[in-house]
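Just below is one structure, and these are the notes that go with it.
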Amino acid sequence: MGSAQRVIEDDPAAGREYTLVVAVANPVNVQQLMRTAVDLVRDRDGQIRVTSVVHKHVTSPFMLFSDDRIREEYADDQRAVLDEAVALAADAAVPVRRSLVVGSDVSDAVLSAVEDADADALLLGWQHRPRPSDVVLGTTVDSVVRRAPCDVYVERIGTTADGVDDVLLPTDGGPHVEAAAALAGAVARANDAGVRVVSYVDPEAGAADREAAGERVREATALIADVPVDADVREAAAVAETIVSAAADFDLVVLGATRERRLRRRVVGSVAQTVGQRAAPPIVIAKRRSEGSLLRRALGRWG
């Protein structure tokens, strides 16, 4: 059975070129997500659109109610979450708009908000807990990350830092490093912090592999401007475990979704998943929009 969604509140855009959609649901997590959102959007001179979903089954008569009735009787909790998110962005002098969506499928509703806003990026929270083996970050988050027609930032919820002095940016190259470097640089500039860019090679790696790792570090470093950057190539027999250990010395870890051969792990890759689950400081996993998503987005505009 198909999903259904309807926008019941939607503020007009602020007219900025860069738009970040922030999906919010739990008031406990709003401050953490908005802090990241404000740093990224302020760096891009953009705007934030905070979106919350009132979830109801597709067969529910709720979908037939008027917008006014939904707002008055059923959406108080989600409107309160939106109010807090808007207030936090406004206090930081960042343009912010809001959308309240009622939907039978949360991932479809979030993606609808992203497409309606013609968003450049999406930020959403992820809370680690044991899951079935075919679910990586959560059924809703997995679906959104796979299908989003924009860059996606997934922040692990529940771990925060008092301040940010040092950001760790591990890189294995690939398409997602640009999105990761954009966030690492934005957070560092907002907090007068430094960034450590590091790529890992096997201890038995030859000269060609070491040179390739050095090139990955140079490419990532070139994407970060106006902050101190410490770049290095290091040896590691187990990359994920090494990053988890190194992360303890940093206030934030930003890493691109790692490449992976196994189809079911292509949401973010096993290295990113392991680091996201086990590293001590706050973690954000960045995934650049896929070429397929870009094509769908372009075709949608033509349509």
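Just remember, in the structure tokens the first chain shown is A, the second B, etc., residues are 1-based per chain, and ligands are 1-based in the order shown.
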
Please provide as a short mmCIF file (atom, residue, chain, number, x, y, z; two decimals) with N, CA and C atoms, in the first residue's frame all residues within 9 Å of Ala279 of chain A, with the sequence filter that same-chain residues fewer than 3 positions apart are discarded (counting only C-alpha atoms).
```
data_model
loop_
_atom_site.label_atom_id
_atom_site.label_comp_id
_atom_site.auth_asym_id
_atom_site.auth_seq_id
_atom_site.Cartn_x
_atom_site.Cartn_y
_atom_site.Cartn_z
N ILE A 243 40.29 4.35 14.08
CA ILE A 243 39.56 5.62 14.16
C ILE A 243 38.84 5.74 15.49
N VAL A 244 38.22 4.67 15.95
CA VAL A 244 37.53 4.69 17.24
C VAL A 244 38.49 5.08 18.35
N SER A 245 39.68 4.51 18.33
CA SER A 245 40.68 4.82 19.35
C SER A 245 41.15 6.27 19.24
N ALA A 246 41.44 6.72 18.02
CA ALA A 246 41.92 8.08 17.82
C ALA A 246 40.87 9.12 18.18
N ALA A 247 39.61 8.78 18.00
CA ALA A 247 38.52 9.73 18.22
C ALA A 247 38.47 10.26 19.64
N ALA A 248 38.99 9.50 20.58
CA ALA A 248 38.94 9.92 21.98
C ALA A 248 39.66 11.24 22.22
N VAL A 253 33.90 14.01 15.35
CA VAL A 253 34.38 13.22 14.23
C VAL A 253 33.39 13.36 13.08
N THR A 274 30.67 1.35 12.12
CA THR A 274 31.38 0.95 13.34
C THR A 274 31.83 2.17 14.13
N VAL A 275 32.40 3.16 13.45
CA VAL A 275 32.84 4.38 14.13
C VAL A 275 31.64 5.09 14.75
N GLY A 276 30.55 5.17 14.00
CA GLY A 276 29.36 5.82 14.52
C GLY A 276 28.81 5.15 15.76
N PRO A 282 31.01 13.17 19.72
CA PRO A 282 29.93 13.29 18.73
C PRO A 282 30.41 12.87 17.34
N ILE A 283 29.53 12.23 16.59
CA ILE A 283 29.84 11.68 15.27
C ILE A 283 28.81 12.20 14.26
#
```

Output as number ranges by chain all residues of segment 108-236 of chain A that backbone DSSP marks as alpha helix (DSSP H). A: 108-116, 139-147, 177-191, 207-222

Nearest candidate to Gln277 of chain A (options A:Tyr200, A:Trp126, A:Tyr153, A:Phe250; using only C-alpha atoms):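 The answer is A:Trp126, which sits nearest to Gln277 of chain A.
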
Point-to-point distance from atom CA of Asp226 of chain A to atom CA of Arg156 of chain A, Å rounded to tenths: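 Computing the Euclidean distance for atom CA of Asp226 of chain A and atom CA of Arg156 of chain A yields 26.7 Å.
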
Kindly give the distance, in Å, that separates atom CA of Pro281 of chain A and atom CA of Gly256 of chain A, rounded to a single decimal. 16.2 Å

Fewer than 6 positions away in the same chain doesn't count, so skip those; otherwise give me all residues within 12 Å of Glu84 of chain A, counting only C-alpha atoms, as an MDAnalysis selection string. chainID A and resid 24:34 50:52 77:78 90:91 96 98

Nearest residue to Asp45 of chain A out of A:Ala80, A:Val201, A:Val94, A:Ala148, using only C-alpha atoms?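 Under the stated criterion, the closest residue is A:Val94.
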
Nearest to Pro228 of chain A among A:Val167, A:Ala205, A:Ala272, A:Ala193, with distances taken over only C-alpha atoms: which residue is it?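 Selected residue with least distance to Pro228 of chain A: A:Ala193.
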
Find the residue from A:Ala109, A:Asp39, A:Asp83, A:Leu88 that sits nearest to Val54 of chain A; use only C-alpha atoms when measuring.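 Checking each of A:Ala109, A:Asp39, A:Asp83, A:Leu88 against Val54 of chain A, counting only C-alpha atoms, the winner is A:Ala109.
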
Which residue out of A:Ala238, A:Leu183, A:Val271, A:Val106 has the minimum interatomic distance to Leu168 of chain A when only C-alpha atoms are used?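 Checking each candidate against Leu168 of chain A, we get A:Leu183 as the closest.
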
May I have all residues of segment 103-245 of chain A that DSSP, computed from the backbone, assigns to strand (DSSP E or B), given as a PyMOL selection string? chain A and resi 103+121-126+151-156+166-170+194-201+229-235

Atom-to-atom span, atom CA of Val141 of chain A and atom CA of Val110 of chain A, Å: 10.0 Å

Would you please work out which residue, of A:Gly163, A:Pro203, A:Pro175, A:Pro170, is nearest to Asp251 of chain A when using only C-alpha atoms?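 Closest to Asp251 of chain A of all the choices is A:Gly163.
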
Quick one: everything within 12 Å of Ala181 of chain A, counting only C-alpha atoms, minus sequence neighbours fewer than 2 positions away in the same chain. Send it as an MDAnalysis selection string. chainID A and resid 40 153 167:171 173 175:179 183:189 195:198 216:225 227 229 253:256 284:288

Set the distance at 8 Å and use only C-alpha atoms: which residues neighbour Pro95 of chain A once local chain neighbours fewer than 6 positions away are removed? I'd like the list as a PDB file with all heavy atoms, in the first residue's frame.
```
ATOM      1  N   ALA A  14      13.198  31.814   2.599  1.00  0.00           N
ATOM      2  CA  ALA A  14      13.827  33.105   2.882  1.00  0.00           C
ATOM      3  C   ALA A  14      14.616  33.650   1.693  1.00  0.00           C
ATOM      4  O   ALA A  14      15.200  34.713   1.778  1.00  0.00           O
ATOM      5  CB  ALA A  14      14.753  32.974   4.093  1.00  0.00           C
ATOM      6  N   GLY A  46      23.222  30.508   4.221  1.00  0.00           N
ATOM      7  CA  GLY A  46      22.002  29.876   3.751  1.00  0.00           C
ATOM      8  C   GLY A  46      20.847  30.011   4.721  1.00  0.00           C
ATOM      9  O   GLY A  46      20.811  30.920   5.564  1.00  0.00           O
ATOM     10  N   GLN A  47      19.912  29.094   4.613  1.00  0.00           N
ATOM     11  CA  GLN A  47      18.722  29.097   5.446  1.00  0.00           C
ATOM     12  C   GLN A  47      18.432  27.675   5.914  1.00  0.00           C
ATOM     13  O   GLN A  47      18.809  26.698   5.269  1.00  0.00           O
ATOM     14  CB  GLN A  47      17.516  29.642   4.679  1.00  0.00           C
ATOM     15  CG  GLN A  47      17.128  28.791   3.469  1.00  0.00           C
ATOM     16  CD  GLN A  47      16.036  29.425   2.636  1.00  0.00           C
ATOM     17  OE1 GLN A  47      15.359  30.341   3.061  1.00  0.00           O
ATOM     18  NE2 GLN A  47      15.875  28.924   1.419  1.00  0.00           N
ATOM     19  N   ILE A  48      17.741  27.581   7.039  1.00  0.00           N
ATOM     20  CA  ILE A  48      17.330  26.296   7.594  1.00  0.00           C
ATOM     21  C   ILE A  48      15.830  26.150   7.436  1.00  0.00           C
ATOM     22  O   ILE A  48      15.067  27.089   7.669  1.00  0.00           O
ATOM     23  CB  ILE A  48      17.695  26.202   9.092  1.00  0.00           C
ATOM     24  CG1 ILE A  48      19.211  26.227   9.288  1.00  0.00           C
ATOM     25  CG2 ILE A  48      17.110  24.940   9.717  1.00  0.00           C
ATOM     26  CD1 ILE A  48      19.629  26.328  10.747  1.00  0.00           C
ATOM     27  N   ALA A  89      17.525  28.705  16.082  1.00  0.00           N
ATOM     28  CA  ALA A  89      18.125  29.281  14.878  1.00  0.00           C
ATOM     29  C   ALA A  89      17.982  30.794  14.871  1.00  0.00           C
ATOM     30  O   ALA A  89      18.911  31.520  14.491  1.00  0.00           O
ATOM     31  CB  ALA A  89      17.489  28.676  13.637  1.00  0.00           C
TER      32      ALA A  89
END
```
